[in-house]
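I have placed the structure first, in the form of structure tokens, so that the comments after it can refer back to it.
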Amino acid sequence: MANSFATRIFTTLSDLQPNMANLKVIGIVIGKTDVKGFPDRKNIGSERYTFSFTIRDSPAHFVNAASWGNEDYIKSLSDSFRVGDCVIIENPLIQRKEIEREEKFSPATPSNCKLLLSENHSTVKVCSSYEVDTKLLSLIHLPVKESHDYYSLGDIVANGHSLNGRIINVLAAVKSVGEPKYFTTSDRRKGQRCEVRLYDETESSFAMTCWDNESILLAQSWMPRETVIFASDVRINFDKFRNCMTATVISKTIITTNPDTPEANILLNFIRENKETNVLDDEIDSYFKESINLSTIVDVYTVEELKGRALKNEGKADPSYGILYAYISTLNIDDETTKVVRNRCSSCGYIVNEASNMCTTCNKNSLDFKSVFLSFHVLIDLTDHTGTLHSCSLTGSVAEETLGCTFVLSHRARSGLKISVLSCKLADPTEASRNLSGQKHV
């Protein structure tokens, strides 16, 4: 569209009509689903594959596109572009949209049409940003819903069960982005999940879960405490296990990163002004710290080095992360029950007052009550060939893949360190031996 001929050769999305042929449309990809396979009814024993995406060419117009075909074609086409790319689609089939049936699982669009892409007739080309009008590129920062049409996180928590199962819009800042967790279901299907922690002026921590690879890839690009998102059509549920409200990204969801709206700019100013005061507190356990990307932790320390860091950085409370090859020398689970199992606030993660069973951080008055949940709070000693770290926190759910620690200075800890175990597993003997012998970079 940067070229003068662009307006003559492209059909605008607003002009689409069913059964139009030999079209060429251009738009920016604002949403995309994962590739899925289904049994092919015409060829028993084989599968057909499909994925869909949403493109936009103006503030008021965007449409859904879908493609069906064999596995190689569909996966290759899906891998050729991502959310935020500008694409040119040639020879799509234009069909009338069955609104009630299709918008149950797909993003709601203002168009009464949809695009169907076939391997034999349609092509999709990704445009360089240099070829595209900046007005088209700027659409990626425009929400698909009215900028004021959203719930604050505080509203969601306050409404509680009345919102359970509802599909709503959310405007929030990104507090942290977890590393993707991969798993295999009982019927041998591969799956993945990623938890994003959100916050705004009304709530300090709120979980949003991504279950599809496309939304996880998008989430990995977000900068914690610097990114604001407008998530249209996310599902809200009450999580019985956590005893709190959570959000889930679904196939209808379209997420706008750093939306260019007055409401988003106000929130962005808020997170910038409060960036220094919203650091991870040493009282929040690994139940909430699962959002730290463990794969980025590569520095290896000994106990002696950690104690040295504590002395060198005395007075500084910024957290740092590392790997420790050690064994658990003390695991005291015979302590009083009230010390091993603690109540924590489902909103912020702080240990609540045992007498009142209320969070003194979130609950500024008795009318503003937040729910609580039980969490393990065990103190362990970690020992290697250079010494022992006493009273390390082993709290919440401990992952099985990586051994990592958060090092935050604490005057309450005996060594001046507050150690929290983020993940624990048996170390590879060769790798452990190499690191314990000081050959860290071999």
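Each chain of the structure tokens is named A, B, ... in the order shown, its residues numbered from 1; ligands are numbered from 1 in display order.
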Looking only at helix (DSSP H, G or I) from DSSP on the backbone, list the matching residues of region 65-257 of chain A as a ChimeraX atom specification.
-> /A:71-79,99-102,129-131,134-141,153-163,213-219
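Going from CA of Glu226 (chain A) over to CA of Val174 (chain A), you cover 7.2 Å.
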Check region 181-304 of chain A with DSSP on the backbone and list each residue it calls strand (DSSP E), as a tab-separated table (two decimals) with C-alpha atoms, in the first residue's frame.
chain	number	residue	atom	x	y	z
A	181	LYS	CA	5.51	-26.16	29.79
A	182	TYR	CA	5.17	-29.12	27.42
A	183	PHE	CA	3.20	-32.29	28.15
A	184	THR	CA	1.59	-35.34	26.55
A	190	LYS	CA	1.18	-33.11	22.53
A	191	GLY	CA	0.23	-30.04	24.51
A	192	GLN	CA	1.72	-26.91	26.00
A	193	ARG	CA	0.81	-24.17	28.43
A	194	CYS	CA	2.25	-20.87	29.57
A	195	GLU	CA	1.13	-18.72	32.47
A	196	VAL	CA	1.26	-14.95	32.26
A	197	ARG	CA	0.86	-12.85	35.39
A	198	LEU	CA	-1.04	-9.61	34.86
A	199	TYR	CA	-1.59	-6.55	37.05
A	206	PHE	CA	-3.71	-12.12	38.17
A	207	ALA	CA	-3.12	-15.30	36.15
A	208	MET	CA	-3.83	-15.67	32.43
A	209	THR	CA	-3.09	-19.04	30.82
A	210	CYS	CA	-2.18	-19.67	27.19
A	228	VAL	CA	0.26	-3.45	28.28
A	229	ILE	CA	-2.18	-5.79	26.54
A	230	PHE	CA	-5.83	-5.58	25.53
A	231	ALA	CA	-7.16	-9.14	25.43
A	232	SER	CA	-10.53	-9.33	23.71
A	233	ASP	CA	-12.75	-12.34	24.36
A	234	VAL	CA	-10.78	-14.20	27.01
A	235	ARG	CA	-12.63	-16.74	29.14
A	236	ILE	CA	-12.86	-16.11	32.88
A	237	ASN	CA	-13.09	-19.04	35.28
A	238	PHE	CA	-12.93	-19.68	38.98
A	239	ASP	CA	-9.92	-21.90	39.66
A	244	CYS	CA	-9.22	-17.50	42.70
A	245	MET	CA	-10.35	-16.11	39.35
A	246	THR	CA	-8.18	-16.70	36.27
A	247	ALA	CA	-8.28	-15.87	32.54
A	248	THR	CA	-7.72	-18.25	29.62
A	254	ILE	CA	-7.39	-11.53	19.92
A	255	ILE	CA	-4.65	-9.88	21.97
A	256	THR	CA	-3.46	-6.38	21.12
A	257	THR	CA	0.05	-5.62	22.42
A	300	VAL	CA	26.39	-21.69	38.28
A	301	TYR	CA	27.35	-20.88	41.89
Calculate how many Å separate CA of Val177 (chain A) from CA of Ile216 (chain A), rounding to one decimal.
-> 9.3 Å
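The interatomic distance for the pair CA of Val170 (chain A) and CA of Phe105 (chain A) works out to 18.4 Å.
The nearest approach to Ala264 (chain A) among the residues A:Gly154, A:Ser147, A:Leu324, A:Gly178, with only C-alpha atoms taken into account, belongs to A:Ser147.
Shortest separation to Lys307 (chain A) among A:Asn19, A:Ser251, A:Thr388, A:Thr33 occurs at residue A:Thr388, atoms counted being only C-alpha atoms.
Remark: for Asn22 (chain A), the closest of the candidate residues A:Asp85, A:Asp57, A:Glu90, A:Asp133 is A:Glu90 (distances computed over only C-alpha atoms).
Take the candidates A:Val249, A:Ile297, A:Val144, A:Val126 and check each one against Arg82 (chain A) using only C-alpha atoms; the shortest distance goes to A:Val126.
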Neighbour list for Thr50 (chain A) as an NGL selection string, cut-off 10 Å, only C-alpha atoms, skip fewer than 4 positions in-chain | :A and (33-38 or 66-71 or 73-75 or 78)
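For the set A:Asp79, A:Asp15, A:Glu179, A:Glu98, the residue with the smallest atom-to-atom gap to Phe62 (chain A) is A:Asp15, counting only C-alpha atoms.
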